[in-house]
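**Student:** After the structure tokens below, expect a handful of questions from me.
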Amino acid sequence: MSIRINPSILAADFVNMESALHSISSADLVHVDVMDNHFVPNLTFGPGMVGRIQDVSPIPLDVHLMIDAPERWAPGYAELGAFSVTFHAEATSDPVAVARRLRQIGSRAGLALKPGTDAEPYLELLDEFDQILVMTVEPGFGGQKFMPETMPKLRLLAETAARTGADLWLQVDGGITEDTIGIAAEAGANTFVAGSSVFAAENPALQIDTLRRTAMSHAHDHTSNR
């Protein structure tokens, strides 16, 4: 089973972004949170900044759009060359159309679910996505506490993917530390966004390795097909 660690630059030093990116070069992807101050009450990066991050990053970009109207804006991030573009189910009435457009451009397509959003409406659509992101905090701000009550939803997605053979990355984002990553791995996650726990570490590369090993030691059988 593959375990992916995607540090979130929301917790990085924005003034020294290129240096921060190179400090996590041993990670799998860099998680880039795009917030529009509408879908969530915070404002971060737009296409211009994401394009520059794409230019200088030593690892591929995992873009997480916390924005309204992803059907309008998401394709532009794929066109920048992002490896993966994830948008929120709550922000669009036609997530399948958005995902198909992202795939057509050449990006992996991800669907994000807020803590209070049920997975059931999307279980029959898993083949339309490359990744499902289960938010383990309310989206909008870094440094929040992990919400264990989201684990049944993650477990349901993992079991459904295993049963149907869907080739799906199951990502968690929010409060992921050495203490919580094992909980998420046991519930079926195989892709982990970690912000503060990586960038606040004295040695980010060592912390990435520690998180990866901890997740692998807790990985469960229902994710073995991935």
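By order of appearance in the structure tokens: chains A, B, ..., then residues from 1 within every chain, and ligands from 1 in the order shown.
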Which polymer residues have any atom within 8 Å of an atom of range 56-67 of chain A, counting only C-alpha atoms, with same-chain residues fewer than 3 positions away left out, as a PDB file with N, CA and C atoms, in the first residue's frame?
**Tutor:**
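The result, stored in result_33.pdb:
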```
ATOM      1  N   ASN A   6       1.505  14.895   2.102  1.00  0.00           N
ATOM      2  CA  ASN A   6       1.421  16.132   1.336  1.00  0.00           C
ATOM      3  C   ASN A   6       1.408  17.324   2.292  1.00  0.00           C
ATOM      4  N   GLU A  18       9.952  29.590  -1.534  1.00  0.00           N
ATOM      5  CA  GLU A  18      10.784  28.653  -2.287  1.00  0.00           C
ATOM      6  C   GLU A  18      11.644  27.813  -1.345  1.00  0.00           C
ATOM      7  N   LEU A  21       9.438  25.212   0.278  1.00  0.00           N
ATOM      8  CA  LEU A  21       9.134  24.113  -0.638  1.00  0.00           C
ATOM      9  C   LEU A  21      10.296  23.125  -0.712  1.00  0.00           C
ATOM     10  N   HIS A  22      11.508  23.631  -0.760  1.00  0.00           N
ATOM     11  CA  HIS A  22      12.653  22.727  -0.850  1.00  0.00           C
ATOM     12  C   HIS A  22      12.887  21.971   0.460  1.00  0.00           C
ATOM     13  N   SER A  25      11.060  18.536   0.155  1.00  0.00           N
ATOM     14  CA  SER A  25      11.245  17.854  -1.132  1.00  0.00           C
ATOM     15  C   SER A  25      11.132  16.340  -1.021  1.00  0.00           C
ATOM     16  N   ALA A  27       8.655  14.900   0.449  1.00  0.00           N
ATOM     17  CA  ALA A  27       7.225  14.596   0.486  1.00  0.00           C
ATOM     18  C   ALA A  27       6.761  14.129  -0.888  1.00  0.00           C
ATOM     19  N   ASP A  28       5.516  13.702  -0.963  1.00  0.00           N
ATOM     20  CA  ASP A  28       4.971  13.206  -2.230  1.00  0.00           C
ATOM     21  C   ASP A  28       4.442  14.338  -3.098  1.00  0.00           C
ATOM     22  N   LEU A  29       3.654  15.212  -2.504  1.00  0.00           N
ATOM     23  CA  LEU A  29       3.144  16.390  -3.194  1.00  0.00           C
ATOM     24  C   LEU A  29       3.098  17.532  -2.191  1.00  0.00           C
ATOM     25  N   VAL A  30       2.985  18.750  -2.702  1.00  0.00           N
ATOM     26  CA  VAL A  30       2.780  19.908  -1.839  1.00  0.00           C
ATOM     27  C   VAL A  30       1.326  20.318  -1.948  1.00  0.00           C
ATOM     28  N   HIS A  31       0.670  20.437  -0.797  1.00  0.00           N
ATOM     29  CA  HIS A  31      -0.754  20.759  -0.735  1.00  0.00           C
ATOM     30  C   HIS A  31      -0.916  22.272  -0.727  1.00  0.00           C
ATOM     31  N   VAL A  32      -1.655  22.790  -1.708  1.00  0.00           N
ATOM     32  CA  VAL A  32      -1.825  24.230  -1.874  1.00  0.00           C
ATOM     33  C   VAL A  32      -3.295  24.582  -1.676  1.00  0.00           C
ATOM     34  N   ASP A  33      -3.590  25.290  -0.604  1.00  0.00           N
ATOM     35  CA  ASP A  33      -4.965  25.669  -0.273  1.00  0.00           C
ATOM     36  C   ASP A  33      -5.315  26.998  -0.924  1.00  0.00           C
ATOM     37  N   VAL A  34      -6.282  26.958  -1.827  1.00  0.00           N
ATOM     38  CA  VAL A  34      -6.783  28.163  -2.480  1.00  0.00           C
ATOM     39  C   VAL A  34      -8.113  28.529  -1.832  1.00  0.00           C
ATOM     40  N   MET A  35      -8.164  29.695  -1.205  1.00  0.00           N
ATOM     41  CA  MET A  35      -9.377  30.146  -0.511  1.00  0.00           C
ATOM     42  C   MET A  35      -9.797  31.497  -1.064  1.00  0.00           C
ATOM     43  N   ASP A  36     -11.118  31.688  -1.207  1.00  0.00           N
ATOM     44  CA  ASP A  36     -11.621  32.874  -1.909  1.00  0.00           C
ATOM     45  C   ASP A  36     -12.337  33.898  -1.031  1.00  0.00           C
ATOM     46  N   ASN A  37     -12.395  33.667   0.274  1.00  0.00           N
ATOM     47  CA  ASN A  37     -13.102  34.553   1.202  1.00  0.00           C
ATOM     48  C   ASN A  37     -14.604  34.591   0.929  1.00  0.00           C
ATOM     49  N   HIS A  38     -15.097  33.579   0.221  1.00  0.00           N
ATOM     50  CA  HIS A  38     -16.532  33.429  -0.010  1.00  0.00           C
ATOM     51  C   HIS A  38     -16.995  32.051   0.449  1.00  0.00           C
ATOM     52  N   PHE A  39     -16.426  31.015  -0.169  1.00  0.00           N
ATOM     53  CA  PHE A  39     -16.760  29.654   0.258  1.00  0.00           C
ATOM     54  C   PHE A  39     -16.267  29.397   1.680  1.00  0.00           C
ATOM     55  N   VAL A  40     -15.106  29.953   1.991  1.00  0.00           N
ATOM     56  CA  VAL A  40     -14.568  29.922   3.355  1.00  0.00           C
ATOM     57  C   VAL A  40     -14.171  31.340   3.751  1.00  0.00           C
ATOM     58  N   ARG A  52       3.383  30.369  -9.840  1.00  0.00           N
ATOM     59  CA  ARG A  52       4.780  30.552  -9.409  1.00  0.00           C
ATOM     60  C   ARG A  52       5.221  29.407  -8.503  1.00  0.00           C
ATOM     61  N   ILE A  53       4.327  28.939  -7.646  1.00  0.00           N
ATOM     62  CA  ILE A  53       4.665  27.774  -6.820  1.00  0.00           C
ATOM     63  C   ILE A  53       4.951  26.578  -7.717  1.00  0.00           C
ATOM     64  N   PRO A  70     -16.428  26.125  -8.727  1.00  0.00           N
ATOM     65  CA  PRO A  70     -15.270  25.396  -9.251  1.00  0.00           C
ATOM     66  C   PRO A  70     -15.419  25.037 -10.724  1.00  0.00           C
ATOM     67  N   ALA A  74     -11.821  25.857 -11.554  1.00  0.00           N
ATOM     68  CA  ALA A  74     -10.952  24.686 -11.383  1.00  0.00           C
ATOM     69  C   ALA A  74     -10.134  24.341 -12.632  1.00  0.00           C
ATOM     70  N   TYR A  77      -6.599  25.852 -12.913  1.00  0.00           N
ATOM     71  CA  TYR A  77      -5.519  25.310 -12.081  1.00  0.00           C
ATOM     72  C   TYR A  77      -4.943  24.043 -12.706  1.00  0.00           C
ATOM     73  N   ALA A  82      -1.025  21.647 -12.409  1.00  0.00           N
ATOM     74  CA  ALA A  82      -1.186  20.972 -11.122  1.00  0.00           C
ATOM     75  C   ALA A  82      -1.408  19.483 -11.331  1.00  0.00           C
ATOM     76  N   PHE A  83      -0.741  18.674 -10.544  1.00  0.00           N
ATOM     77  CA  PHE A  83      -0.877  17.219 -10.637  1.00  0.00           C
ATOM     78  C   PHE A  83      -2.279  16.783 -10.242  1.00  0.00           C
ATOM     79  N   SER A  84      -2.826  17.447  -9.217  1.00  0.00           N
ATOM     80  CA  SER A  84      -4.142  17.102  -8.692  1.00  0.00           C
ATOM     81  C   SER A  84      -4.883  18.379  -8.342  1.00  0.00           C
ATOM     82  N   VAL A  85      -6.166  18.420  -8.685  1.00  0.00           N
ATOM     83  CA  VAL A  85      -7.010  19.556  -8.322  1.00  0.00           C
ATOM     84  C   VAL A  85      -8.254  19.004  -7.628  1.00  0.00           C
ATOM     85  N   THR A  86      -8.452  19.426  -6.388  1.00  0.00           N
ATOM     86  CA  THR A  86      -9.595  18.983  -5.589  1.00  0.00           C
ATOM     87  C   THR A  86     -10.523  20.165  -5.350  1.00  0.00           C
ATOM     88  N   PHE A  87     -11.799  19.946  -5.546  1.00  0.00           N
ATOM     89  CA  PHE A  87     -12.814  20.984  -5.327  1.00  0.00           C
ATOM     90  C   PHE A  87     -13.868  20.426  -4.377  1.00  0.00           C
ATOM     91  N   HIS A  88     -14.693  21.315  -3.836  1.00  0.00           N
ATOM     92  CA  HIS A  88     -15.656  20.896  -2.821  1.00  0.00           C
ATOM     93  C   HIS A  88     -16.995  20.502  -3.415  1.00  0.00           C
ATOM     94  N   ALA A  91     -19.784  23.080  -3.259  1.00  0.00           N
ATOM     95  CA  ALA A  91     -19.656  24.315  -4.043  1.00  0.00           C
ATOM     96  C   ALA A  91     -20.192  24.194  -5.460  1.00  0.00           C
ATOM     97  N   PRO A 139     -13.118  23.554   6.898  1.00  0.00           N
ATOM     98  CA  PRO A 139     -12.177  24.215   5.998  1.00  0.00           C
ATOM     99  C   PRO A 139     -12.122  25.719   6.217  1.00  0.00           C
ATOM    100  N   GLY A 140     -10.930  26.276   5.983  1.00  0.00           N
ATOM    101  CA  GLY A 140     -10.785  27.723   6.047  1.00  0.00           C
ATOM    102  C   GLY A 140      -9.583  28.217   6.810  1.00  0.00           C
TER     103      GLY A 140
END
```
**Student:** What residues in range 115-193 of chain A get the DSSP label helix (DSSP H, G or I)? Please answer as an MDAnalysis selection string.
**Tutor:** chainID A and resid 120:128 148:164 181:187
**Student:** Generate the output file for the selected residues, N, CA, C and O atoms, as a CSV table (one decimal), in the first residue's frame.
**Tutor:**
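File selection.csv, as written:
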```
chain,number,residue,atom,x,y,z
A,120,GLU,N,-22.6,9.3,1.3
A,120,GLU,CA,-23.5,8.4,0.6
A,120,GLU,C,-23.9,8.9,-0.8
A,120,GLU,O,-23.9,8.0,-1.7
A,121,PRO,N,-24.2,10.1,-1.0
A,121,PRO,CA,-24.6,10.5,-2.4
A,121,PRO,C,-23.5,10.3,-3.4
A,121,PRO,O,-23.8,10.3,-4.6
A,122,TYR,N,-22.3,10.1,-3.0
A,122,TYR,CA,-21.1,10.0,-3.9
A,122,TYR,C,-20.6,8.6,-4.1
A,122,TYR,O,-19.7,8.4,-4.9
A,123,LEU,N,-21.1,7.7,-3.3
A,123,LEU,CA,-20.6,6.3,-3.3
A,123,LEU,C,-20.7,5.7,-4.7
A,123,LEU,O,-19.8,4.9,-5.1
A,124,GLU,N,-21.7,5.9,-5.4
A,124,GLU,CA,-21.9,5.3,-6.8
A,124,GLU,C,-21.1,6.1,-7.8
A,124,GLU,O,-21.1,5.7,-9.0
A,125,LEU,N,-20.4,7.2,-7.5
A,125,LEU,CA,-19.7,8.0,-8.4
A,125,LEU,C,-18.2,7.9,-8.2
A,125,LEU,O,-17.5,8.7,-8.9
A,126,LEU,N,-17.7,7.0,-7.4
A,126,LEU,CA,-16.3,7.0,-7.1
A,126,LEU,C,-15.4,6.9,-8.3
A,126,LEU,O,-14.3,7.5,-8.3
A,127,ASP,N,-15.8,6.2,-9.3
A,127,ASP,CA,-15.0,6.0,-10.5
A,127,ASP,C,-14.8,7.3,-11.2
A,127,ASP,O,-13.9,7.4,-12.1
A,128,GLU,N,-15.6,8.3,-10.9
A,128,GLU,CA,-15.4,9.6,-11.6
A,128,GLU,C,-14.3,10.5,-11.0
A,128,GLU,O,-14.0,11.6,-11.5
A,148,PRO,N,-12.3,13.4,15.2
A,148,PRO,CA,-12.4,12.0,15.0
A,148,PRO,C,-13.8,11.5,14.6
A,148,PRO,O,-13.9,10.4,14.0
A,149,GLU,N,-14.8,12.4,14.8
A,149,GLU,CA,-16.2,12.0,14.3
A,149,GLU,C,-16.3,11.9,12.8
A,149,GLU,O,-17.3,11.4,12.3
A,150,THR,N,-15.3,12.3,12.1
A,150,THR,CA,-15.3,12.1,10.6
A,150,THR,C,-14.8,10.8,10.2
A,150,THR,O,-14.9,10.4,9.0
A,151,MET,N,-14.3,10.0,11.1
A,151,MET,CA,-13.7,8.7,10.7
A,151,MET,C,-14.7,7.7,10.2
A,151,MET,O,-14.4,6.9,9.3
A,152,PRO,N,-16.0,7.6,10.7
A,152,PRO,CA,-16.9,6.6,10.1
A,152,PRO,C,-17.1,6.9,8.6
A,152,PRO,O,-17.3,6.0,7.8
A,153,LYS,N,-17.2,8.2,8.2
A,153,LYS,CA,-17.3,8.5,6.8
A,153,LYS,C,-16.1,8.1,6.0
A,153,LYS,O,-16.3,7.5,4.9
A,154,LEU,N,-14.9,8.3,6.5
A,154,LEU,CA,-13.7,7.8,5.8
A,154,LEU,C,-13.7,6.3,5.7
A,154,LEU,O,-13.4,5.7,4.6
A,155,ARG,N,-14.1,5.6,6.8
A,155,ARG,CA,-14.2,4.1,6.7
A,155,ARG,C,-15.2,3.6,5.7
A,155,ARG,O,-14.9,2.7,5.0
A,156,LEU,N,-16.3,4.3,5.6
A,156,LEU,CA,-17.3,3.9,4.6
A,156,LEU,C,-16.8,4.1,3.2
A,156,LEU,O,-17.0,3.2,2.3
A,157,LEU,N,-16.1,5.2,2.9
A,157,LEU,CA,-15.5,5.4,1.6
A,157,LEU,C,-14.4,4.3,1.3
A,157,LEU,O,-14.3,3.8,0.2
A,158,ALA,N,-13.6,4.0,2.3
A,158,ALA,CA,-12.5,3.0,2.1
A,158,ALA,C,-13.1,1.6,1.8
A,158,ALA,O,-12.6,0.9,0.9
A,159,GLU,N,-14.1,1.3,2.6
A,159,GLU,CA,-14.8,-0.1,2.4
A,159,GLU,C,-15.4,-0.1,1.0
A,159,GLU,O,-15.4,-1.2,0.3
A,160,THR,N,-16.1,1.0,0.6
A,160,THR,CA,-16.8,1.0,-0.7
A,160,THR,C,-15.8,0.9,-1.8
A,160,THR,O,-15.9,0.1,-2.8
A,161,ALA,N,-14.7,1.6,-1.7
A,161,ALA,CA,-13.6,1.6,-2.7
A,161,ALA,C,-13.0,0.2,-2.8
A,161,ALA,O,-12.7,-0.3,-3.9
A,162,ALA,N,-12.8,-0.4,-1.7
A,162,ALA,CA,-12.2,-1.7,-1.7
A,162,ALA,C,-13.1,-2.8,-2.3
A,162,ALA,O,-12.7,-3.6,-3.1
A,163,ARG,N,-14.4,-2.6,-2.0
A,163,ARG,CA,-15.4,-3.6,-2.5
A,163,ARG,C,-15.6,-3.4,-4.0
A,163,ARG,O,-15.8,-4.4,-4.7
A,164,THR,N,-15.6,-2.2,-4.5
A,164,THR,CA,-15.9,-2.0,-5.9
A,164,THR,C,-14.6,-2.0,-6.8
A,164,THR,O,-14.7,-1.9,-8.0
A,181,ILE,N,-2.4,10.7,12.9
A,181,ILE,CA,-2.3,10.1,11.5
A,181,ILE,C,-2.6,8.6,11.6
A,181,ILE,O,-3.2,8.0,10.6
A,182,GLY,N,-2.3,7.9,12.7
A,182,GLY,CA,-2.6,6.5,12.8
A,182,GLY,C,-4.1,6.2,12.8
A,182,GLY,O,-4.6,5.3,12.3
A,183,ILE,N,-4.9,7.1,13.5
A,183,ILE,CA,-6.3,7.0,13.5
A,183,ILE,C,-6.9,7.1,12.1
A,183,ILE,O,-7.7,6.2,11.7
A,184,ALA,N,-6.4,8.0,11.3
A,184,ALA,CA,-6.9,8.2,10.0
A,184,ALA,C,-6.5,7.0,9.1
A,184,ALA,O,-7.2,6.6,8.2
A,185,ALA,N,-5.3,6.5,9.3
A,185,ALA,CA,-4.8,5.4,8.5
A,185,ALA,C,-5.6,4.1,8.8
A,185,ALA,O,-5.9,3.4,7.9
A,186,GLU,N,-5.9,3.9,10.0
A,186,GLU,CA,-6.7,2.8,10.4
A,186,GLU,C,-8.1,2.8,9.8
A,186,GLU,O,-8.7,1.8,9.4
A,187,ALA,N,-8.6,4.0,9.6
A,187,ALA,CA,-10.0,4.2,9.0
A,187,ALA,C,-9.9,4.1,7.5
A,187,ALA,O,-11.0,4.1,6.9
```
**Student:** Separation of CA of Leu211 in chain A and CA of Pro115 in chain A, in Å?
**Tutor:**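 Result for CA of Leu211 in chain A versus CA of Pro115 in chain A: 22.6 Å, one decimal.
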**Student:** At a cut-off of 12 Å, using only C-alpha atoms, what residues contact Ala97 in chain A? Leave out same-chain residues fewer than 2 positions from it and give the result as a VMD selection string.
**Tutor:** chain A and resid 70 to 72 74 to 75 87 89 92 to 95 99 to 104 109 111 125 128 to 129
**Student:** Filtering to N, CA and C atoms, could you give me those residues as a PDB file, in the first residue's frame?
**Tutor:**
```
ATOM      1  N   PRO A  70     -16.428  26.125  -8.727  1.00  0.00           N
ATOM      2  CA  PRO A  70     -15.270  25.396  -9.251  1.00  0.00           C
ATOM      3  C   PRO A  70     -15.419  25.037 -10.724  1.00  0.00           C
ATOM      4  N   GLU A  71     -16.668  24.942 -11.201  1.00  0.00           N
ATOM      5  CA  GLU A  71     -16.858  24.657 -12.620  1.00  0.00           C
ATOM      6  C   GLU A  71     -16.245  25.756 -13.494  1.00  0.00           C
ATOM      7  N   ARG A  72     -16.172  26.958 -12.945  1.00  0.00           N
ATOM      8  CA  ARG A  72     -15.571  28.080 -13.675  1.00  0.00           C
ATOM      9  C   ARG A  72     -14.060  28.161 -13.477  1.00  0.00           C
ATOM     10  N   ALA A  74     -11.821  25.857 -11.554  1.00  0.00           N
ATOM     11  CA  ALA A  74     -10.952  24.686 -11.383  1.00  0.00           C
ATOM     12  C   ALA A  74     -10.134  24.341 -12.632  1.00  0.00           C
ATOM     13  N   PRO A  75     -10.710  24.398 -13.840  1.00  0.00           N
ATOM     14  CA  PRO A  75      -9.905  24.034 -15.019  1.00  0.00           C
ATOM     15  C   PRO A  75      -8.641  24.867 -15.178  1.00  0.00           C
ATOM     16  N   PHE A  87     -11.799  19.946  -5.546  1.00  0.00           N
ATOM     17  CA  PHE A  87     -12.814  20.984  -5.327  1.00  0.00           C
ATOM     18  C   PHE A  87     -13.868  20.426  -4.377  1.00  0.00           C
ATOM     19  N   ALA A  89     -17.527  19.389  -2.914  1.00  0.00           N
ATOM     20  CA  ALA A  89     -18.848  18.923  -3.339  1.00  0.00           C
ATOM     21  C   ALA A  89     -19.917  19.968  -3.044  1.00  0.00           C
ATOM     22  N   THR A  92     -20.636  23.002  -5.860  1.00  0.00           N
ATOM     23  CA  THR A  92     -21.092  22.818  -7.235  1.00  0.00           C
ATOM     24  C   THR A  92     -22.272  21.864  -7.284  1.00  0.00           C
ATOM     25  N   SER A  93     -23.121  22.049  -8.273  1.00  0.00           N
ATOM     26  CA  SER A  93     -24.266  21.159  -8.454  1.00  0.00           C
ATOM     27  C   SER A  93     -23.945  19.996  -9.383  1.00  0.00           C
ATOM     28  N   ASP A  94     -22.780  20.040 -10.027  1.00  0.00           N
ATOM     29  CA  ASP A  94     -22.417  18.990 -10.983  1.00  0.00           C
ATOM     30  C   ASP A  94     -20.955  18.600 -10.820  1.00  0.00           C
ATOM     31  N   PRO A  95     -20.625  17.918  -9.730  1.00  0.00           N
ATOM     32  CA  PRO A  95     -19.226  17.567  -9.490  1.00  0.00           C
ATOM     33  C   PRO A  95     -18.638  16.644 -10.549  1.00  0.00           C
ATOM     34  N   ALA A  99     -15.093  17.190 -12.549  1.00  0.00           N
ATOM     35  CA  ALA A  99     -14.054  16.164 -12.513  1.00  0.00           C
ATOM     36  C   ALA A  99     -13.660  15.715 -13.914  1.00  0.00           C
ATOM     37  N   ARG A 100     -14.636  15.530 -14.773  1.00  0.00           N
ATOM     38  CA  ARG A 100     -14.332  15.093 -16.135  1.00  0.00           C
ATOM     39  C   ARG A 100     -13.527  16.138 -16.891  1.00  0.00           C
ATOM     40  N   ARG A 101     -13.831  17.409 -16.655  1.00  0.00           N
ATOM     41  CA  ARG A 101     -13.061  18.467 -17.310  1.00  0.00           C
ATOM     42  C   ARG A 101     -11.618  18.484 -16.807  1.00  0.00           C
ATOM     43  N   LEU A 102     -11.418  18.322 -15.519  1.00  0.00           N
ATOM     44  CA  LEU A 102     -10.065  18.285 -14.963  1.00  0.00           C
ATOM     45  C   LEU A 102      -9.272  17.126 -15.553  1.00  0.00           C
ATOM     46  N   ARG A 103      -9.883  15.969 -15.631  1.00  0.00           N
ATOM     47  CA  ARG A 103      -9.210  14.809 -16.209  1.00  0.00           C
ATOM     48  C   ARG A 103      -8.903  15.027 -17.687  1.00  0.00           C
ATOM     49  N   GLN A 104      -9.813  15.678 -18.382  1.00  0.00           N
ATOM     50  CA  GLN A 104      -9.605  15.947 -19.801  1.00  0.00           C
ATOM     51  C   GLN A 104      -8.361  16.819 -20.012  1.00  0.00           C
ATOM     52  N   ALA A 109      -8.469  14.396 -10.542  1.00  0.00           N
ATOM     53  CA  ALA A 109      -9.646  15.118 -10.055  1.00  0.00           C
ATOM     54  C   ALA A 109     -10.016  14.633  -8.660  1.00  0.00           C
ATOM     55  N   LEU A 111     -12.482  15.231  -5.054  1.00  0.00           N
ATOM     56  CA  LEU A 111     -13.713  15.769  -4.480  1.00  0.00           C
ATOM     57  C   LEU A 111     -13.548  15.869  -2.974  1.00  0.00           C
ATOM     58  N   LEU A 125     -20.422   7.168  -7.452  1.00  0.00           N
ATOM     59  CA  LEU A 125     -19.701   8.002  -8.413  1.00  0.00           C
ATOM     60  C   LEU A 125     -18.188   7.937  -8.238  1.00  0.00           C
ATOM     61  N   GLU A 128     -15.576   8.344 -10.930  1.00  0.00           N
ATOM     62  CA  GLU A 128     -15.443   9.641 -11.596  1.00  0.00           C
ATOM     63  C   GLU A 128     -14.337  10.500 -10.982  1.00  0.00           C
ATOM     64  N   PHE A 129     -13.789  10.037  -9.855  1.00  0.00           N
ATOM     65  CA  PHE A 129     -12.794  10.828  -9.140  1.00  0.00           C
ATOM     66  C   PHE A 129     -11.526   9.999  -8.916  1.00  0.00           C
TER      67      PHE A 129
END
```
**Student:** Based on the backbone DSSP call, show me all residues of range 6-111 of chain A assigned strand (DSSP E), as a list in words.
**Tutor:** Asn6, Pro7, Val30, His31, Val32, Asp33, Val34, Met35, Leu61, Asp62, Val63, His64, Leu65, Met66, Ser84, Val85, Thr86, Phe87, His88, Arg108, Ala109, Gly110 and Leu111 of chain A
**Student:** Residues of the last selection are to be written out with N, CA and C atoms, as a compact mmCIF listing (two decimals), in the first residue's frame.
**Tutor:**
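See part.txt below for the written result:
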```txt
# COMPACT_ATOMS: atom_id res chain seq x y z
N ASN A 6 1.51 14.90 2.10
CA ASN A 6 1.42 16.13 1.34
C ASN A 6 1.41 17.32 2.29
N PRO A 7 2.56 17.92 2.61
CA PRO A 7 2.57 19.06 3.52
C PRO A 7 1.80 20.25 2.94
N VAL A 30 2.98 18.75 -2.70
CA VAL A 30 2.78 19.91 -1.84
C VAL A 30 1.33 20.32 -1.95
N HIS A 31 0.67 20.44 -0.80
CA HIS A 31 -0.75 20.76 -0.73
C HIS A 31 -0.92 22.27 -0.73
N VAL A 32 -1.65 22.79 -1.71
CA VAL A 32 -1.82 24.23 -1.87
C VAL A 32 -3.30 24.58 -1.68
N ASP A 33 -3.59 25.29 -0.60
CA ASP A 33 -4.96 25.67 -0.27
C ASP A 33 -5.31 27.00 -0.92
N VAL A 34 -6.28 26.96 -1.83
CA VAL A 34 -6.78 28.16 -2.48
C VAL A 34 -8.11 28.53 -1.83
N MET A 35 -8.16 29.70 -1.21
CA MET A 35 -9.38 30.15 -0.51
C MET A 35 -9.80 31.50 -1.06
N LEU A 61 2.12 19.55 -7.44
CA LEU A 61 1.15 20.30 -6.66
C LEU A 61 -0.16 19.53 -6.50
N ASP A 62 -0.64 19.53 -5.27
CA ASP A 62 -1.94 18.99 -4.88
C ASP A 62 -2.79 20.19 -4.48
N VAL A 63 -3.55 20.73 -5.43
CA VAL A 63 -4.29 21.98 -5.21
C VAL A 63 -5.66 21.66 -4.63
N HIS A 64 -5.99 22.35 -3.54
CA HIS A 64 -7.27 22.17 -2.85
C HIS A 64 -8.04 23.48 -2.97
N LEU A 65 -9.10 23.47 -3.76
CA LEU A 65 -9.89 24.67 -4.01
C LEU A 65 -11.03 24.78 -3.00
N MET A 66 -10.90 25.72 -2.09
CA MET A 66 -11.98 26.05 -1.16
C MET A 66 -12.62 27.32 -1.67
N SER A 84 -2.83 17.45 -9.22
CA SER A 84 -4.14 17.10 -8.69
C SER A 84 -4.88 18.38 -8.34
N VAL A 85 -6.17 18.42 -8.69
CA VAL A 85 -7.01 19.56 -8.32
C VAL A 85 -8.25 19.00 -7.63
N THR A 86 -8.45 19.43 -6.39
CA THR A 86 -9.59 18.98 -5.59
C THR A 86 -10.52 20.16 -5.35
N PHE A 87 -11.80 19.95 -5.55
CA PHE A 87 -12.81 20.98 -5.33
C PHE A 87 -13.87 20.43 -4.38
N HIS A 88 -14.69 21.32 -3.84
CA HIS A 88 -15.66 20.90 -2.82
C HIS A 88 -16.99 20.50 -3.42
N ARG A 108 -5.33 15.03 -12.09
CA ARG A 108 -6.17 14.16 -11.28
C ARG A 108 -7.29 15.00 -10.69
N ALA A 109 -8.47 14.40 -10.54
CA ALA A 109 -9.65 15.12 -10.05
C ALA A 109 -10.02 14.63 -8.66
N GLY A 110 -10.11 15.57 -7.73
CA GLY A 110 -10.46 15.23 -6.36
C GLY A 110 -11.74 15.91 -5.92
N LEU A 111 -12.48 15.23 -5.05
CA LEU A 111 -13.71 15.77 -4.48
C LEU A 111 -13.55 15.87 -2.97
```
**Student:** Pick out the closest residue to Gly48 in chain A from this set: A:Leu80, A:Val98, A:Ala69, A:Thr136. Count only C-alpha atoms.
**Tutor:**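 Closest to Gly48 in chain A, using only C-alpha atoms: A:Leu80.
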**Student:** Compare A:Ser2, A:Thr44, A:Asn16, A:Gln171 by their minimum atom-to-atom distance to Ala219 in chain A, counting only C-alpha atoms, and give me the closest one.
**Tutor:**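 Among the listed residues, A:Ser2 lies closest to Ala219 in chain A.
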**Student:** Taking into account only C-alpha atoms, which residue in the set A:Gln207, A:Gln54, A:Asn42, A:Ser217 is nearest to Gly81 in chain A?
**Tutor:** A:Gln54
